[in-house]
$ cat query36.txt   # compact mmCIF, C-alpha atoms
# COMPACT_ATOMS: atom_id res chain seq x y z
CA MET A 9 -17.57 61.86 5.63
CA ARG A 10 -14.51 59.68 6.24
CA ARG A 11 -11.61 60.00 3.81
CA ALA A 12 -12.00 56.34 2.84
CA HIS A 13 -15.58 56.97 1.74
CA VAL A 14 -14.49 60.01 -0.30
CA VAL A 15 -12.00 57.80 -2.14
CA ALA A 16 -14.72 55.21 -2.76
CA LEU A 17 -17.14 57.84 -4.08
CA LEU A 18 -14.53 59.22 -6.48
CA ALA A 19 -13.78 55.72 -7.78
CA LEU A 20 -17.50 55.00 -8.21
CA ALA A 21 -17.93 58.27 -10.11
CA ALA A 22 -15.11 57.25 -12.44
CA LEU A 23 -16.96 54.03 -13.22
CA VAL A 24 -20.21 55.73 -14.24
CA MET A 25 -18.81 58.84 -15.95
CA PRO A 26 -19.79 58.73 -19.63
CA GLY A 27 -17.10 58.90 -22.28
CA GLN A 28 -16.91 61.76 -24.75
CA SER A 29 -18.32 60.91 -28.17
CA LEU A 30 -16.15 61.54 -31.21
CA ALA A 31 -17.56 62.80 -34.50
CA HIS A 32 -15.21 61.02 -36.87
CA ALA A 33 -16.36 58.81 -39.73
CA ASN A 34 -17.52 55.30 -38.95
CA LEU A 35 -17.85 52.36 -41.30
CA LYS A 36 -21.56 51.52 -41.54
CA GLN A 37 -21.54 48.67 -44.06
CA ALA A 38 -19.10 46.62 -46.10
CA SER A 39 -19.67 44.30 -49.03
CA PRO A 40 -18.44 41.60 -48.69
CA GLY A 41 -19.30 41.97 -45.03
CA THR A 42 -16.93 41.80 -42.11
CA GLN A 43 -16.08 38.23 -41.11
CA SER A 44 -18.44 36.94 -43.81
CA ARG A 45 -18.40 33.87 -46.02
CA VAL A 46 -19.60 34.48 -49.57
CA ASP A 47 -20.40 31.79 -52.11
CA ALA A 48 -19.97 33.85 -55.30
CA VAL A 49 -16.59 35.34 -56.19
CA PRO A 50 -16.93 39.14 -55.61
CA THR A 51 -15.82 41.58 -58.32
CA GLU A 52 -15.50 44.63 -56.09
CA ILE A 53 -15.39 45.69 -52.48
CA VAL A 54 -17.69 48.48 -51.29
CA LEU A 55 -17.38 50.45 -48.03
CA ARG A 56 -20.17 52.79 -46.87
CA PHE A 57 -19.55 55.39 -44.15
CA ASP A 58 -21.93 57.45 -42.01
CA GLN A 59 -20.50 60.69 -43.45
CA ALA A 60 -18.48 61.87 -46.41
CA VAL A 61 -14.81 60.89 -46.30
CA THR A 62 -11.69 61.77 -48.24
CA THR A 63 -9.66 58.88 -49.60
CA THR A 64 -6.62 58.17 -51.74
CA PRO A 65 -6.35 55.52 -54.50
CA SER A 66 -4.72 53.21 -51.93
CA ALA A 67 -7.45 53.70 -49.33
CA ILE A 68 -8.56 50.05 -49.67
CA SER A 69 -6.10 47.19 -49.73
CA VAL A 70 -7.27 43.59 -50.16
CA VAL A 71 -4.78 40.71 -50.01
CA SER A 72 -5.06 36.93 -49.93
CA SER A 73 -3.97 34.82 -46.98
CA GLU A 74 -0.54 34.57 -48.64
CA GLY A 75 -0.32 38.36 -49.10
CA ARG A 76 -1.20 38.44 -52.82
CA PRO A 77 -2.81 41.85 -53.70
CA VAL A 78 -6.19 41.53 -55.42
CA SER A 79 -7.62 45.08 -55.20
CA GLY A 80 -7.41 47.99 -57.64
CA PRO A 81 -7.46 51.75 -56.95
CA SER A 82 -10.14 53.06 -54.61
CA VAL A 83 -12.83 55.28 -56.12
CA PRO A 84 -15.24 57.52 -54.12
CA ALA A 85 -18.99 57.53 -54.83
CA ASP A 86 -22.24 58.83 -53.35
CA GLY A 87 -20.74 62.19 -52.47
CA GLY A 88 -17.84 60.61 -50.63
CA ARG A 89 -19.93 58.40 -48.36
CA THR A 90 -19.06 55.28 -50.37
CA VAL A 91 -15.67 53.98 -51.50
CA ARG A 92 -15.27 51.19 -54.07
CA ALA A 93 -12.34 49.14 -55.31
CA ALA A 94 -12.38 46.52 -58.07
CA LEU A 95 -11.18 43.00 -57.23
CA THR A 96 -9.20 40.80 -59.60
CA ASN A 97 -7.83 37.27 -59.33
CA VAL A 98 -10.07 36.48 -56.34
CA ARG A 99 -10.29 32.70 -56.04
CA ASP A 100 -12.88 30.38 -54.62
CA GLY A 101 -11.74 28.60 -51.45
CA GLU A 102 -9.51 31.43 -50.19
CA ALA A 103 -9.77 33.95 -47.37
CA TYR A 104 -8.92 37.64 -47.77
CA THR A 105 -7.87 40.54 -45.55
CA VAL A 106 -9.24 44.04 -46.11
CA ARG A 107 -7.50 47.12 -44.71
CA TRP A 108 -8.87 50.61 -45.23
CA ARG A 109 -8.13 54.24 -44.36
CA ALA A 110 -10.44 57.24 -44.70
CA THR A 111 -10.20 60.87 -43.53
CA SER A 112 -13.26 62.52 -41.95
CA ASN A 113 -14.32 66.14 -42.45
CA ASP A 114 -12.87 66.90 -39.01
CA GLY A 115 -9.45 65.88 -40.31
CA HIS A 116 -9.14 62.64 -38.38
CA THR A 117 -8.08 59.53 -40.28
CA ALA A 118 -9.95 56.37 -39.39
CA SER A 119 -8.57 52.90 -40.13
CA GLY A 120 -9.94 49.39 -40.03
CA VAL A 121 -9.35 45.75 -40.89
CA PHE A 122 -11.64 42.79 -41.48
CA THR A 123 -11.63 39.49 -43.30
CA PHE A 124 -13.96 37.57 -45.60
CA GLY A 125 -13.84 34.15 -47.19
CA VAL A 126 -14.93 32.93 -50.63
CA GLY A 127 -16.48 29.53 -50.05
CA VAL A 128 -14.57 29.15 -46.77
CA LYS A 129 -14.84 30.45 -43.22
CA PRO A 130 -12.57 33.49 -42.85
CA PRO A 131 -10.07 33.86 -40.01
CA PRO A 132 -10.87 36.33 -37.24
CA PRO A 133 -9.52 39.89 -37.64
CA THR A 134 -6.87 39.14 -35.00
CA GLU A 135 -5.45 36.61 -37.48
CA ALA A 136 -5.67 38.87 -40.53
CA TYR A 137 -2.75 38.85 -42.94
CA GLY A 138 0.02 40.96 -41.44
CA ALA A 139 -1.00 40.42 -37.82
CA THR A 140 1.82 38.93 -35.79
CA GLY A 141 -0.23 37.38 -33.00
CA PRO A 142 0.41 37.64 -29.24
CA THR A 143 3.77 39.18 -28.27
CA TRP A 144 5.55 39.81 -24.97
CA THR A 145 3.36 42.89 -24.46
CA ASP A 146 0.26 40.67 -24.62
CA ASP A 147 1.86 38.32 -22.10
CA ALA A 148 2.62 41.26 -19.80
CA ALA A 149 -0.93 42.59 -20.14
CA ARG A 150 -2.47 39.19 -19.37
CA TRP A 151 -0.18 38.81 -16.34
CA ALA A 152 -1.19 42.28 -15.08
CA TYR A 153 -4.83 41.33 -15.64
CA VAL A 154 -4.54 38.15 -13.58
CA VAL A 155 -2.67 40.04 -10.84
CA SER A 156 -5.49 42.61 -10.80
CA LEU A 157 -8.07 39.84 -10.48
CA SER A 158 -6.02 38.32 -7.67
CA LEU A 159 -6.22 41.60 -5.77
CA LEU A 160 -9.95 41.89 -6.47
CA LEU A 161 -11.14 38.31 -5.98
CA GLY A 162 -8.33 37.22 -3.65
CA THR A 163 -8.92 39.95 -1.09
CA LEU A 164 -12.70 39.50 -1.36
CA GLY A 165 -12.30 35.77 -0.79
CA PHE A 166 -9.88 36.38 2.08
CA ARG A 167 -12.32 38.70 3.80
CA LEU A 168 -15.38 36.51 3.25
CA LEU A 169 -13.84 33.06 3.76
CA VAL A 170 -10.80 33.56 6.01
CA LEU A 171 -11.87 36.50 8.20
CA ARG A 172 -15.54 35.50 8.34
CA GLY A 173 -16.97 36.04 11.82
CA GLN A 174 -14.00 38.16 12.95
CA ALA A 175 -14.43 41.71 14.27
CA LEU A 176 -12.28 43.67 11.85
CA PRO A 177 -10.55 46.89 12.94
CA GLN A 178 -11.83 49.80 10.88
CA ARG A 179 -8.41 50.47 9.40
CA LEU A 180 -8.07 46.87 8.19
CA SER A 181 -11.62 46.84 6.82
CA ASN A 182 -11.02 50.03 4.84
CA ARG A 183 -7.72 48.73 3.51
CA LEU A 184 -9.34 45.48 2.34
CA TYR A 185 -12.03 47.50 0.58
CA LEU A 186 -9.39 49.74 -0.97
CA VAL A 187 -7.27 46.87 -2.31
CA SER A 188 -10.32 45.07 -3.71
CA ALA A 189 -11.59 48.22 -5.43
CA ALA A 190 -8.11 49.03 -6.74
CA GLY A 191 -7.87 45.51 -8.17
CA GLY A 192 -11.23 45.95 -9.87
CA LEU A 193 -10.32 49.31 -11.38
CA ALA A 194 -6.95 47.96 -12.46
CA SER A 195 -8.58 44.97 -14.17
CA LEU A 196 -10.79 47.32 -16.19
CA ASN A 197 -7.88 49.48 -17.33
CA VAL A 198 -5.53 46.58 -17.99
CA GLY A 199 -8.29 44.76 -19.89
CA ILE A 200 -8.84 47.78 -22.13
CA ALA A 201 -5.10 48.09 -22.73
CA ALA A 202 -4.84 44.38 -23.60
CA PHE A 203 -7.73 44.65 -26.06
CA VAL A 204 -6.29 47.77 -27.70
CA MET A 205 -2.85 46.16 -28.05
CA ARG A 206 -4.36 43.10 -29.73
CA ALA A 207 -6.35 45.42 -32.02
CA ALA A 208 -3.20 47.42 -32.77
CA ASP A 209 -1.51 44.24 -33.95
CA ALA A 210 -4.44 43.34 -36.22
CA LEU A 211 -4.73 46.87 -37.62
CA GLN A 212 -0.96 47.21 -37.93
CA LEU A 213 -1.16 50.68 -36.38
CA PRO A 214 0.93 52.35 -33.67
CA PHE A 215 -0.78 52.32 -30.29
CA VAL A 216 -1.22 56.12 -30.31
CA ASP A 217 -3.12 56.02 -33.64
CA LEU A 218 -5.84 53.72 -32.37
CA LEU A 219 -8.10 56.53 -31.15
CA TYR A 220 -9.72 56.60 -34.58
CA GLY A 221 -9.30 52.94 -35.43
CA ASP A 222 -12.37 50.84 -36.14
CA LEU A 223 -12.19 48.20 -33.41
CA SER A 224 -15.70 46.82 -33.90
CA PRO A 225 -14.61 43.74 -35.91
CA MET A 226 -12.28 42.75 -33.08
CA ALA A 227 -14.92 43.47 -30.44
CA THR A 228 -17.87 41.72 -32.07
CA LYS A 229 -16.41 39.10 -34.43
CA THR A 230 -13.79 37.40 -32.27
CA ARG A 231 -13.97 35.24 -29.18
CA PHE A 232 -11.32 37.46 -27.61
CA GLY A 233 -13.37 40.63 -28.20
CA ILE A 234 -16.66 39.20 -26.98
CA ALA A 235 -14.97 37.90 -23.84
CA PHE A 236 -13.35 41.31 -23.34
CA ILE A 237 -16.68 43.13 -23.51
CA ALA A 238 -18.35 40.64 -21.16
CA MET A 239 -15.51 40.80 -18.62
CA THR A 240 -15.34 44.60 -18.76
CA LEU A 241 -19.04 44.92 -18.01
CA GLY A 242 -18.93 42.14 -15.42
CA PHE A 243 -15.95 43.45 -13.47
CA ALA A 244 -17.29 47.01 -13.67
CA LEU A 245 -20.38 45.69 -11.86
CA VAL A 246 -18.22 43.80 -9.35
CA THR A 247 -16.14 46.91 -8.64
CA ALA A 248 -19.27 49.04 -8.26
CA LEU A 249 -20.70 46.56 -5.74
CA VAL A 250 -17.47 46.68 -3.72
CA LEU A 251 -17.53 50.48 -3.69
CA VAL A 252 -21.22 50.64 -2.73
CA ALA A 253 -20.61 48.09 0.05
CA TRP A 254 -17.72 50.25 1.28
CA ILE A 255 -19.62 53.55 1.19
CA PHE A 256 -22.78 52.27 2.86
CA ASP A 257 -21.11 49.58 4.98
CA VAL A 258 -23.25 46.76 3.55
CA GLU A 259 -20.91 43.78 3.65
CA ARG A 260 -23.46 41.31 2.26
CA LEU A 261 -23.04 42.98 -1.13
CA LEU A 262 -19.52 41.56 -1.16
CA TRP A 263 -20.91 38.03 -1.49
CA ALA A 264 -22.73 39.06 -4.67
CA ALA A 265 -19.57 40.77 -5.96
CA PHE A 266 -17.49 37.69 -5.18
CA ALA A 267 -19.88 35.28 -6.91
CA ILE A 268 -20.26 37.48 -10.00
CA GLY A 269 -16.48 37.97 -10.19
CA LEU A 270 -15.82 34.24 -10.08
CA GLY A 271 -18.35 33.73 -12.85
CA PHE A 272 -16.87 36.34 -15.19
CA ALA A 273 -13.37 34.97 -14.61
CA THR A 274 -14.31 32.27 -17.13
CA GLY A 275 -13.81 34.93 -19.81
CA LEU A 276 -10.04 34.55 -19.53
CA SER A 277 -10.31 30.91 -20.54
CA LEU A 278 -12.68 31.67 -23.41
CA ALA A 279 -10.41 34.46 -24.67
CA GLY A 280 -7.34 32.23 -24.90
CA HIS A 281 -6.38 29.08 -26.76
CA GLN A 282 -8.21 26.91 -24.23
CA GLY A 283 -11.60 27.89 -25.64
CA VAL A 284 -10.82 26.91 -29.24
CA GLU A 285 -8.56 23.87 -29.08
CA PRO A 286 -9.96 20.97 -31.13
CA ASN A 287 -10.04 18.67 -28.09
CA SER A 288 -11.64 21.25 -25.78
CA THR A 289 -14.62 19.95 -23.82
CA TRP A 290 -16.72 21.17 -20.93
CA ALA A 291 -14.35 19.26 -18.64
CA THR A 292 -11.24 21.10 -19.89
CA GLY A 293 -13.08 24.41 -19.65
CA LEU A 294 -14.11 23.65 -16.07
CA ALA A 295 -10.57 22.59 -15.18
CA ASP A 296 -9.14 25.77 -16.69
CA TRP A 297 -11.58 27.91 -14.70
CA LEU A 298 -10.87 26.05 -11.45
CA HIS A 299 -7.15 26.43 -12.08
CA LEU A 300 -7.51 30.19 -12.53
CA VAL A 301 -9.82 30.67 -9.54
CA ALA A 302 -7.57 28.66 -7.22
CA ALA A 303 -4.53 30.67 -8.34
CA THR A 304 -6.17 34.08 -7.88
CA LEU A 305 -7.59 33.22 -4.44
CA TRP A 306 -4.25 31.79 -3.32
CA VAL A 307 -2.14 34.73 -4.54
CA GLY A 308 -4.61 37.38 -3.35
CA GLY A 309 -4.92 35.66 0.01
CA ILE A 310 -1.16 35.66 0.57
CA VAL A 311 -0.99 39.37 -0.30
CA ALA A 312 -3.87 40.18 2.09
CA LEU A 313 -2.34 38.14 4.91
CA ALA A 314 1.21 39.52 4.59
CA GLY A 315 0.42 43.07 3.46
CA LEU A 316 -2.77 43.89 5.37
CA VAL A 317 -3.52 41.65 8.34
CA TRP A 318 0.05 41.34 9.61
CA PRO A 319 0.82 45.08 9.93
CA LEU A 320 -2.72 46.36 10.63
CA ALA A 321 -4.31 43.75 12.94
CA PRO A 322 -1.76 41.91 15.11
CA GLU A 323 -4.59 40.46 17.20
CA LEU A 324 -5.94 38.62 14.12
CA ARG A 325 -2.64 37.18 12.90
CA ARG A 326 -2.98 33.76 14.51
CA ALA A 327 -6.62 33.17 13.52
CA ALA A 328 -6.06 34.51 9.99
CA PHE A 329 -2.91 32.46 9.41
CA LEU A 330 -4.51 29.20 10.59
CA SER A 331 -7.71 29.77 8.63
CA PHE A 332 -5.86 30.72 5.45
CA SER A 333 -3.56 27.72 5.85
CA ARG A 334 -6.60 25.42 5.72
CA LEU A 335 -8.04 27.25 2.69
CA ALA A 336 -4.66 27.29 0.92
CA THR A 337 -4.41 23.51 1.28
CA VAL A 338 -7.66 23.12 -0.66
CA LEU A 339 -6.65 25.73 -3.24
CA VAL A 340 -3.28 24.12 -3.89
CA ALA A 341 -4.93 20.70 -4.29
CA VAL A 342 -7.36 22.15 -6.86
CA LEU A 343 -4.50 23.96 -8.58
CA LEU A 344 -2.45 20.78 -8.93
CA LEU A 345 -5.30 18.51 -10.00
CA ALA A 346 -6.72 20.95 -12.56
CA GLY A 347 -3.28 21.85 -13.89
CA THR A 348 -2.29 18.20 -14.26
CA TYR A 349 -5.48 17.38 -16.15
CA ILE A 350 -5.07 20.37 -18.50
CA SER A 351 -1.42 19.47 -19.18
CA ILE A 352 -2.32 15.88 -20.07
CA GLU A 353 -5.03 17.10 -22.44
CA ARG A 354 -2.78 19.72 -24.05
CA LEU A 355 0.28 17.54 -24.70
CA PRO A 356 -0.21 14.57 -27.05
CA THR A 357 3.08 12.95 -25.98
CA VAL A 358 5.50 13.28 -23.09
CA ALA A 359 8.25 14.33 -25.53
CA ASP A 360 6.26 17.51 -26.26
CA LEU A 361 7.40 18.76 -22.86
CA TRP A 362 10.90 19.42 -24.16
CA GLU A 363 10.36 19.44 -27.93
CA THR A 364 7.75 22.21 -28.19
CA GLY A 365 7.72 25.81 -27.03
CA TYR A 366 4.47 25.21 -25.14
CA GLY A 367 5.96 22.25 -23.31
CA GLN A 368 9.15 24.15 -22.44
CA THR A 369 7.12 27.02 -21.02
CA LEU A 370 5.10 24.49 -19.04
CA LEU A 371 8.32 23.05 -17.58
CA VAL A 372 9.35 26.55 -16.44
CA LYS A 373 5.94 27.01 -14.86
CA LEU A 374 6.21 23.66 -13.08
CA ALA A 375 9.61 24.62 -11.70
CA VAL A 376 8.31 27.94 -10.33
CA VAL A 377 5.20 26.23 -8.96
CA ALA A 378 7.42 23.69 -7.19
CA VAL A 379 9.28 26.53 -5.45
CA ALA A 380 5.99 28.16 -4.43
CA LEU A 381 4.58 24.89 -3.15
CA ALA A 382 7.73 24.13 -1.17
CA TRP A 383 7.53 27.58 0.39
CA GLY A 384 3.88 27.10 1.25
CA ALA A 385 4.53 23.62 2.60
CA ALA A 386 7.17 25.03 4.95
CA HIS A 387 4.61 27.49 6.28
CA HIS A 388 1.99 24.75 6.63
CA PHE A 389 4.08 22.03 8.26
CA LEU A 390 6.75 24.04 10.11
CA VAL A 391 5.24 27.43 10.94
CA ARG A 392 1.59 26.51 11.45
CA PRO A 393 2.26 24.24 14.47
CA ARG A 394 4.22 27.06 16.12
CA ILE A 395 1.42 29.54 15.44
CA ASP A 396 -1.07 27.01 16.82
CA ARG A 397 0.93 26.86 20.05
CA GLY A 398 0.79 30.62 20.38
CA GLU A 399 4.35 31.35 19.23
CA ALA A 400 5.15 34.28 16.93
CA PRO A 401 7.93 33.55 14.40
CA SER A 402 9.95 36.75 14.02
CA ARG A 403 10.41 36.75 10.24
CA LEU A 404 7.12 35.24 9.14
CA ARG A 405 5.87 38.38 7.41
CA ARG A 406 9.02 38.52 5.25
CA SER A 407 8.59 34.86 4.43
CA LEU A 408 4.96 35.41 3.43
CA ALA A 409 6.02 38.35 1.25
CA GLY A 410 8.59 36.11 -0.42
CA GLU A 411 5.95 33.47 -1.10
CA SER A 412 3.70 36.12 -2.65
CA VAL A 413 6.51 37.22 -5.00
CA VAL A 414 7.04 33.62 -6.14
CA ALA A 415 3.28 33.25 -6.60
CA MET A 416 3.29 36.37 -8.81
CA ALA A 417 6.02 34.73 -10.89
CA VAL A 418 3.76 31.69 -11.28
CA LEU A 419 1.06 33.98 -12.70
CA LEU A 420 3.57 35.52 -15.11
CA VAL A 421 4.62 32.15 -16.55
CA ALA A 422 0.96 31.09 -16.66
CA ALA A 423 0.15 34.22 -18.70
CA VAL A 424 2.83 33.31 -21.24
CA LEU A 425 1.51 29.74 -21.33
CA VAL A 426 -2.09 30.82 -21.98
CA ASN A 427 -0.97 32.96 -24.94
CA SER A 428 1.08 30.08 -26.36
CA GLU A 429 -0.44 27.62 -28.82
CA PRO A 430 -0.28 24.00 -27.66
CA PRO A 431 1.01 21.31 -30.03
CA PRO A 432 -1.67 19.96 -32.39
CA VAL A 433 -3.77 17.08 -31.09
CA GLU A 434 -6.55 14.92 -32.48
CA PRO A 435 -9.90 16.69 -31.94
CA ALA A 436 -12.30 15.17 -29.43
CA GLY A 437 -14.74 14.36 -32.22
CA GLY A 438 -12.18 13.25 -34.76
CA ALA A 439 -10.27 15.16 -37.42
CA GLU A 440 -13.44 16.63 -38.90
CA ALA A 441 -14.22 18.36 -35.61
CA ALA A 442 -11.22 20.67 -35.86
CA ILE A 443 -11.96 24.40 -35.83
CA PRO A 444 -9.69 27.36 -36.53
CA SER A 445 -8.00 29.02 -33.58
CA THR A 446 -9.45 32.34 -32.39
CA PRO A 447 -7.24 33.63 -29.58
$ encode --input "query36.txt" --output "structure tokens"
Amino acid sequence: MRRAHVVALLALAALVMPGQSLAHANLKQASPGTQSRVDAVPTEIVLRFDQAVTTTPSAISVVSSEGRPVSGPSVPADGGRTVRAALTNVRDGEAYTVRWRATSNDGHTASGVFTFGVGVKPPPPTEAYGATGPTWTDDAARWAYVVSLSLLLGTLGFRLLVLRGQALPQRLSNRLYLVSAAGGLASLNVGIAAFVMRAADALQLPFVDLLYGDLSPMATKTRFGIAFIAMTLGFALVTALVLVAWIFDVERLLWAAFAIGLGFATGLSLAGHQGVEPNSTWATGLADWLHLVAATLWVGGIVALAGLVWPLAPELRRAAFLSFSRLATVLVAVLLLAGTYISIERLPTVADLWETGYGQTLLVKLAVVAVALAWGAAHHFLVRPRIDRGEAPSRLRRSLAGESVVAMAVLLVAAVLVNSEPPPVEPAGGAEAAIPSTP
């Protein structure tokens, strides 16, 4: 068996290997329930676990949206499987954050957070009292996620759309498979890290203490968590298809992987502010998805051209460069049109460009995009005619590598922009159509 196939088999085994189950206590039921809206003012909070737990009087903490404590000492019941705490000064029309800690018989301390509202819809756990919201680590994780998707979808698209019909050298074919699979595996790991970091912020726990944290409210009660689960399952399937195609040399499976990957890329839009803005429509969602797809295919294509085709298949350089140049023209047009439409929808006034943090970040992104587009235009209008005539510019690979670095910078600024909250605008259906943000 070739070494490349051994690598693919090991990666596929890592995808299907079951995780080890942990026997620590889990929260089975809460009253009021997680992310629930209750009509009657509750007089106590009750937590039921799947095994007996040890708690302290401060095991349950309930505070209002302004941080006002409303819970009394915690009291165990039902042999330690239930913990209760009396509530005082709970008011109708307010939302509350519940944080709890309980130690299992195995000595591990589990923690959790959830919200409920009295006569109102509660905020998601990611916006619980004490949570700080997205930070630079979230921006870095989202950037790494988009870069991973660029390697996965960009190299798949490059192989299927740019190199279609070409006889690929075995070394180049294996390297394309390897980069695509590595991008898929990286997207899974980065996605998990991003989810855990967001959960750590909501739980107000150090990252290393999250092994026994109850993450289910974040996973099942927030748009971010649902999108995370869907994308994790989707990109695990995409990565598995790439690995199976590599092992058994069935290239047609790559078309299925590519289509499924493009579909699940919509999760990034749904997980960010785009999916919950008051003026969001199907058109803005479509534009956001097109913007993301064009960016990942463009960036991944540049990396594949400069890092794989150029050093590994000199005989394919001319055909690959010309074909990618035509595809890149379409991708850049989509990128500009979709980005312009989204910016117009996100900014109520032109002054928001320099008066709001979102607008200032957008200006930085536009500046970096302008550099990338100028670089690409030089390749298209100055280098492409020379390639078409059969010439071989001596420093083209370095120039392509430079363009890929600038393109990565575009993705970084875009990641910051997605995690930023746009200035408030009038909802598409009027003021009454406004909904709370759920990043």
$ residues_around --input "query36.txt" --residues "stretch 340-351 of chain A" --least-positions-apart "3" --cutoff "6 Å" --atoms "all atoms listed in the file" --output "PyMOL selection string"
chain A and resi 295+299+302+336-337+354
$ residues_around --input "query36.txt" --residues "A:Pro322" --least-positions-apart "6" --cutoff "12 Å" --atoms "all atoms listed in the file" --output "list in words"
Leu176, Pro177, Leu180, Leu313, Ala314, Gly315, Leu316, Ala328, Phe329, Ala400 and Arg405 of chain A
$ closest_residue --input "query36.txt" --among "A:Ala110, A:Ala375, A:Leu335, A:Ala210" --to "A:Trp306" --atoms "all atoms listed in the file"
A:Leu335
$ atom_distance --input "query36.txt" --atom1 "atom CA of A:Val128" --atom2 "atom CA of A:Arg45"
6.1 Å
$ residues_near_point --input "query36.txt" --point "(-19.1, 62.7, -49.7)" --cutoff "9 Å" --atoms "all atoms listed in the file" --output "ChimeraX atom specification"
/A:59-62,84-90
$ atom_distance --input "query36.txt" --atom1 "atom CA of A:Pro133" --atom2 "atom CA of A:Asp209"
9.8 Å
$ atom_distance --input "query36.txt" --atom1 "atom CA of A:Ala382" --atom2 "atom CA of A:Ser331"
19.1 Å
$ closest_atom_pairs --input "query36.txt" --of "stretch 250-336 of chain A" --to "stretch 157-172 of chain A" --cutoff "8 Å" --atoms "all atoms listed in the file" --output "JSON lines"
{"residue": "A:Leu262", "atom": "CA", "partner": "A:Leu164", "partner_atom": "CA", "distance": 7.1}
{"residue": "A:Trp263", "atom": "CA", "partner": "A:Leu168", "partner_atom": "CA", "distance": 7.4}
{"residue": "A:Phe266", "atom": "CA", "partner": "A:Leu164", "partner_atom": "CA", "distance": 6.4}
{"residue": "A:Gly269", "atom": "CA", "partner": "A:Leu161", "partner_atom": "CA", "distance": 6.8}
{"residue": "A:Leu270", "atom": "CA", "partner": "A:Leu161", "partner_atom": "CA", "distance": 7.4}
{"residue": "A:Ala303", "atom": "CA", "partner": "A:Ser158", "partner_atom": "CA", "distance": 7.8}
{"residue": "A:Thr304", "atom": "CA", "partner": "A:Ser158", "partner_atom": "CA", "distance": 4.2}
{"residue": "A:Leu305", "atom": "CA", "partner": "A:Gly162", "partner_atom": "CA", "distance": 4.1}
{"residue": "A:Trp306", "atom": "CA", "partner": "A:Gly162", "partner_atom": "CA", "distance": 6.8}
{"residue": "A:Val307", "atom": "CA", "partner": "A:Ser158", "partner_atom": "CA", "distance": 6.1}
{"residue": "A:Gly308", "atom": "CA", "partner": "A:Gly162", "partner_atom": "CA", "distance": 3.7}
{"residue": "A:Gly309", "atom": "CA", "partner": "A:Gly162", "partner_atom": "CA", "distance": 5.2}
{"residue": "A:Val311", "atom": "CA", "partner": "A:Leu159", "partner_atom": "CA", "distance": 7.9}
{"residue": "A:Ala312", "atom": "CA", "partner": "A:Thr163", "partner_atom": "CA", "distance": 6.0}
{"residue": "A:Ala328", "atom": "CA", "partner": "A:Val170", "partner_atom": "CA", "distance": 6.3}
{"residue": "A:Ser331", "atom": "CA", "partner": "A:Val170", "partner_atom": "CA", "distance": 5.5}
{"residue": "A:Phe332", "atom": "CA", "partner": "A:Val170", "partner_atom": "CA", "distance": 5.7}
{"residue": "A:Leu335", "atom": "CA", "partner": "A:Val170", "partner_atom": "CA", "distance": 7.6}
$ closest_residue --input "query36.txt" --among "A:Val204, A:Val377, A:Ala244, A:Ala227" --to "A:Met416" --atoms "only C-alpha atoms"
A:Val377
$ closest_residue --input "query36.txt" --among "A:Trp383, A:Trp144, A:Phe243, A:Trp108" --to "A:Val121" --atoms "only C-alpha atoms"
A:Trp108
$ closest_residue --input "query36.txt" --among "A:Thr274, A:Thr240, A:Gln43, A:Thr357" --to "A:Ser224" --atoms "all atoms listed in the file"
A:Gln43
$ axis_aligned_box --input "query36.txt" --around "stretch 219-233 of chain A" --padding-each-side "6 Å" --output "AutoDock Vina command-line options"
--center_x -13.0 --center_y 45.9 --center_z -31.9 --size_x 21.8 --size_y 33.4 --size_z 20.5
